[in-house]
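These notes concern the structure reproduced below.
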Amino acid sequence: MSEIKNYTMNFGPQHPAAHGVLRLILELDGEVVEHADPHVGLLHRGTEKLAESKPFNQSIGYMDRLDYVSMMCNEHAYVRAIEQLLGIEAPIRAQYIRTMFDEITRIRNHLMWIGTHGLDLGAMALFLYAFREREMCMDMYEAVSGARMHATYYRPGGVYRDLPDYMPQYAESKWTKGKDLAMVNEWREGSLLDFIEAFAKDFPSKVDEYRTLLQDNRIWKQRTVGIGVVSPEQAKAWGFTGPMLRGSGVAWDLRKKQTYAAYDKVDFDIPVGVNGDCYDRFLVRMEEMTQSARIIRQCVEWLKNNPGPVMVDEYKVAPPSREMMKEDMESMIHHFKLFTEGYTVPAGEVYAAVEAPKGEFGVYLISDDSNKPFRMKLRAPGFAHLSAMNDMVKGHMLADVVAVIGTMDIVFGEIDR
Amino acid sequence: MSNFKFKLTKELTEHFADSNLEITETNLGVVCTVPSEAWVEVAKKLRDDEAFQFELCIDVCGVDYLTYGEAEWQTDGVSSTGFSRGIKSKGPGRFSWEERREESMPNRFAVVAQLLSIKHNRRLTIKCFAPDEGMLMVSSLVDVWPGVNWFEREAFDLYGIIFKGHPDLRRILTDYGFIGHPFRKDFPLIGNVEVTYDEEKQRVVYQPVSIEPRVLVPKTIRRDSRYVEQVNDREAS
């Protein structure tokens with residue numbers, strides 16, 4: 001009888017189902033995974049070290065490039081850490097804007113996730129529907145910051161500027177004209193808030209559409225039910241957060257438990273799974289999208305009725321207006337100092353976290369009274385999730401590895417930093 | 001801003017009377033410095049004791065305290081030619097791989113862990129300075145929280161801190177065959193080697209970096225008087 005040996009296989013780093021540059025060394029016994037060794041770091045850019053060599057504000061843009069599908073949530077954790085060290089607080093309108101954009105970001109992230117997760121498991125059509133809605137979220141980003149993805153919109157002490165009262169519209173082209181043009185511009189007649197409101201009202205029906213495609217789909221359930229089961233004890237021991245923890249039945253959400261921004265002023269529910277498998281995490285994320293739309297609707301209503309400042313009135317941190325700078329000597333000096341040297345942050349250390357779409361995104365910041373962070377550590381949720389890869393896929397079939405990668409919602413920008 | 005309260009200092013001092021902990025509580029959080037001998041023992045107690053129950057270890061990271069509090073912009077005189085701008089700094093952006101120097105100072109490296117208790121809804125930062133006797137060594141927390149495995153690998157990779165008892169202490173973020181620990185303050189910001197494709201050899205080759213070290217904005221320290229009061233309040237509270 002010939003001897004049967006285990007088979008070692010290299011998966012990635014260039015593989016569409018690896019969600020970026022994951023290299024997996026899989027030890028297989030037939031089609032069953034015996035051991036998985038993820039190799040990460042192929043996208044390591046040393047963001048933390050770079051941030052240590054720059055004034056505080058210049059690193060906000062780096063935050064977008066960490067988890068590059070949930071940009072503003074990363075910025076939020078960073079500016080919150082600085083704000084806590086400085087002892088300043090953003091005006092209430094800025095808090096609502098942040099809450100609203102965090103939720104838009106959550107929808108964007110989950111749409112990306114459901115699209116690619118579906119694609120990995122053979123549901124092609126969903127990807128196209130998800131990206132149709134994601135495009136509108138990109139337009140919201142663009143309207144407010146000028147960039148479709150890497151917004152750099154939050155600042156310590158508020159947000160860069162107030163919401164525009166004009167929503168850019170599609171121009172007439174060879175392909176879009178007449179009735180078609182009127183249709184794509186239907187929501188874009190008014191302000192950005194009108195557009196967001198129309199989107200948030202309509203979006204739950206879109207989530208229902210995705211559900212009809214997947215929720216009771218036999219193939220989908222065969223690929224996800226009972227795959228990658230994580231018990232609540234395991235989830236805690238492995239440091240899971242976000243939907244990965246809630247999918248296992250632990251009702252833990254920083255937005256409720258250690259509330260920040262305007263989350264304590266809006267109504268929403270936290271969906272929780274039961275079995276801790278890929279299907280439950282799918283259900284949790286689907287419901288989170290509906291809840292996000294609910295939060296956005298409440299924020300829009302508040303923002304429409306309450307104009308006000310969006311940046312703290314403190315020239316040591318926030319730049320004076322262009323007009324002020326040209327008229328007033330003091331403002332000129334502040335402006336010059338802010339853009340050459342930056343502001344200094346009192347010595348101390350702080351850990352600030354937000355509930356990013358993937359889990360707890362935290363920033364640990366040490367300052368030594370200077371204008372640059374002395375040490376910045378970014379706690380990426382995906383890093384903790386991926387570290388449990390071996391334990392989650394052991395004993396599963398090779399095809400289930402893809403389902404587990406998908407359910408972890410992995411993005412290498414944040415894991416490799 | 002978060003409005004949950006900490007109120008941990010009292011319980012910590014009560015439960016760890018003989019462990020020689022150094023506890024600082026501010027309105028930003030509680031930081032507890034643990035002697036390296038007691039690191040694992042304290043962590044275990046923090047996880048299991050009813051009063052704490054920190055069942056999640058959110059994050060572990062290394063810190064290098066070299067150049068802490070050193071400014072790069074000191075003006076000691078003003079004359080008709082302008083301000084004196086003495087830049088005598090060892091900041092990571094100011095030297096290349098050849099010019100680097102390994103420096104030692106007491107308590108240079110620390111390991112910092114962020115703990116979270118879901119039950120009590122509390123956070124705690126624990127910190128441990130790595131004793132440097134030829135080799136930086138701290139006990140591993142893998143047996144307490146299995147999830148710290150990769151975080152410790154990362155701290156080893158970036159700072160060269162060795163975790164005693166870690167089952168699989170390999171590099172994680174840097175390239176295969178990387179030399180040095182890049183997040184140390186005496187590691188140049190421009191790095192050591194760069195990678196290019198060699199047309200003749202038909203493969204990717206490593207060569208010394210071709211860029212010059214430079215710093216665009218010098219590090220400035222200003223003890224802004226506005227914050228003196230705040231910091232005092234923070235320490236008093």
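Residue numbering restarts at 1 for every chain of the structure tokens, chains are lettered A, B, ... in their displayed order, and ligands are numbered from 1 as they appear.
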| said: Please check the contacts: residues of chain B at most 6 Å away from chain A, using only C-alpha atoms, listed as a PyMOL selection string. | reply: chain B and resi 1-2+28+56-58+69+145-147+173-174+220-221
Just-selected residues, N, CA and C atoms written as a compact mmCIF listing (two decimals), in the first residue's frame:
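As written to disk, selection_6.txt reads:
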# COMPACT_ATOMS: atom_id res chain seq x y z
N MET B 1 -17.55 62.34 23.33
CA MET B 1 -16.49 61.68 24.10
C MET B 1 -17.10 60.62 25.02
N SER B 2 -16.34 59.63 25.30
CA SER B 2 -16.89 58.52 26.07
C SER B 2 -17.27 59.01 27.47
N LEU B 28 -8.52 60.05 31.05
CA LEU B 28 -8.33 59.37 29.77
C LEU B 28 -8.26 57.87 29.94
N LEU B 56 -11.30 40.09 27.38
CA LEU B 56 -10.74 40.38 26.06
C LEU B 56 -9.43 41.13 26.18
N CYS B 57 -8.42 40.67 25.46
CA CYS B 57 -7.22 41.47 25.31
C CYS B 57 -7.28 42.05 23.91
N ILE B 58 -7.59 43.35 23.86
CA ILE B 58 -7.87 44.00 22.59
C ILE B 58 -6.59 44.17 21.77
N GLY B 69 10.56 63.04 24.52
CA GLY B 69 10.69 64.38 25.07
C GLY B 69 11.87 65.17 24.51
N TRP B 145 -4.56 34.94 27.11
CA TRP B 145 -5.48 35.27 26.01
C TRP B 145 -4.86 34.74 24.72
N PRO B 146 -5.39 33.66 24.13
CA PRO B 146 -4.78 33.11 22.91
C PRO B 146 -4.73 34.13 21.77
N GLY B 147 -5.64 35.11 21.80
CA GLY B 147 -5.70 36.09 20.72
C GLY B 147 -4.50 37.01 20.62
N LEU B 173 5.05 41.12 9.92
CA LEU B 173 4.70 42.18 8.97
C LEU B 173 5.81 42.47 7.97
N THR B 174 7.06 42.31 8.37
CA THR B 174 8.15 42.68 7.47
C THR B 174 8.41 41.57 6.46
N THR B 220 8.71 69.84 17.54
CA THR B 220 8.77 70.98 18.44
C THR B 220 8.05 70.62 19.73
N ILE B 221 8.64 71.01 20.83
CA ILE B 221 7.95 70.79 22.10
C ILE B 221 7.54 72.12 22.68
Identify, with DSSP run on backbone atoms, the residues in stretch 38-279 of chain A assigned to strand (DSSP E), and express the list as a CSV table (one decimal) with C-alpha atoms, in the first residue's frame.
chain,number,residue,atom,x,y,z
A,38,PRO,CA,-1.6,33.0,6.9
A,39,HIS,CA,1.4,35.1,5.8
A,154,TYR,CA,-12.7,64.6,9.9
A,155,ARG,CA,-10.4,66.9,11.9
A,158,GLY,CA,-14.9,68.8,14.2
A,159,VAL,CA,-15.1,68.2,10.4
| message | I need the residues in stretch 114-203 of chain A that are helix (DSSP H, G or I) according to DSSP; give them as a VMD selection string. | response | chain A and resid 114 to 120 124 to 145 179 to 184 186 to 188 192 to 203
Convert the current residue selection to file output with C-alpha atoms, as a short mmCIF file (atom, residue, chain, number, x, y, z; two decimals), in the first residue's frame.
data_model
loop_
_atom_site.label_atom_id
_atom_site.label_comp_id
_atom_site.auth_asym_id
_atom_site.auth_seq_id
_atom_site.Cartn_x
_atom_site.Cartn_y
_atom_site.Cartn_z
CA ILE A 114 -21.70 41.27 0.70
CA GLY A 115 -20.70 41.77 -2.92
CA THR A 116 -17.33 40.07 -2.67
CA HIS A 117 -18.43 37.45 -0.15
CA GLY A 118 -21.26 36.53 -2.50
CA LEU A 119 -18.92 36.47 -5.45
CA ASP A 120 -16.55 34.14 -3.63
CA MET A 124 -22.58 36.72 -9.06
CA ALA A 125 -25.58 38.99 -9.44
CA LEU A 126 -25.46 40.40 -5.95
CA PHE A 127 -22.12 42.05 -6.56
CA LEU A 128 -23.61 44.23 -9.28
CA TYR A 129 -26.59 45.28 -7.15
CA ALA A 130 -24.39 46.04 -4.15
CA PHE A 131 -22.06 48.21 -6.19
CA ARG A 132 -25.00 50.12 -7.63
CA GLU A 133 -25.87 51.38 -4.15
CA ARG A 134 -22.26 51.76 -3.12
CA GLU A 135 -21.80 54.22 -5.96
CA MET A 136 -24.32 56.55 -4.30
CA CYS A 137 -22.40 56.42 -1.04
CA MET A 138 -19.30 57.37 -2.98
CA ASP A 139 -21.18 60.36 -4.38
CA MET A 140 -22.01 61.43 -0.82
CA TYR A 141 -18.34 61.25 0.08
CA GLU A 142 -17.45 63.22 -3.01
CA ALA A 143 -20.04 65.90 -2.37
CA VAL A 144 -18.76 66.53 1.12
CA SER A 145 -15.01 66.14 0.69
CA LYS A 179 -35.92 60.66 -19.35
CA ASP A 180 -32.86 58.69 -18.23
CA LEU A 181 -31.09 61.83 -17.15
CA ALA A 182 -34.12 63.02 -15.20
CA MET A 183 -34.28 59.64 -13.51
CA VAL A 184 -30.65 59.54 -12.34
CA GLU A 186 -34.22 62.67 -9.41
CA TRP A 187 -32.71 62.58 -5.91
CA ARG A 188 -30.08 65.16 -6.73
CA LEU A 192 -26.71 66.75 -0.06
CA LEU A 193 -28.99 66.10 2.92
CA ASP A 194 -31.97 65.67 0.60
CA PHE A 195 -30.00 63.14 -1.40
CA ILE A 196 -28.91 61.24 1.70
CA GLU A 197 -32.47 61.27 3.00
CA ALA A 198 -33.85 59.86 -0.23
CA PHE A 199 -31.17 57.19 -0.20
CA ALA A 200 -31.72 56.23 3.43
CA LYS A 201 -35.50 55.98 2.90
CA ASP A 202 -35.08 53.75 -0.10
CA PHE A 203 -32.15 51.65 1.12
#
| query | What's the 9 Å shell around A:Glu31, counting only C-alpha atoms, without same-chain residues fewer than 4 positions away, as number ranges by chain? | reply | A: 396-399
| request: Can you pull out every residue within 7 Å of stretch 319-325 of chain A, counting only C-alpha atoms, but drop anything in the same chain fewer than 3 positions away, and send it as a count of residues only? | output: 6
| request: Provide the atom CA of A:Asp64 to atom CA of A:Pro91 distance in Å, to one decimal place. | output: 22.6 Å
| request: Could you tell me how far atom CA of B:Lys127 lies from atom CA of B:His166, in Å and to one decimal? | output: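 Pair atom CA of B:Lys127 / atom CA of B:His166 returns 18.1 Å.
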| task | Could you jot down the atom CA of A:His19 to atom CA of A:Phe412 separation for me, Å, one decimal place? | result |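 If I compute the distance from atom CA of A:His19 to atom CA of A:Phe412, I get 7.6 Å.
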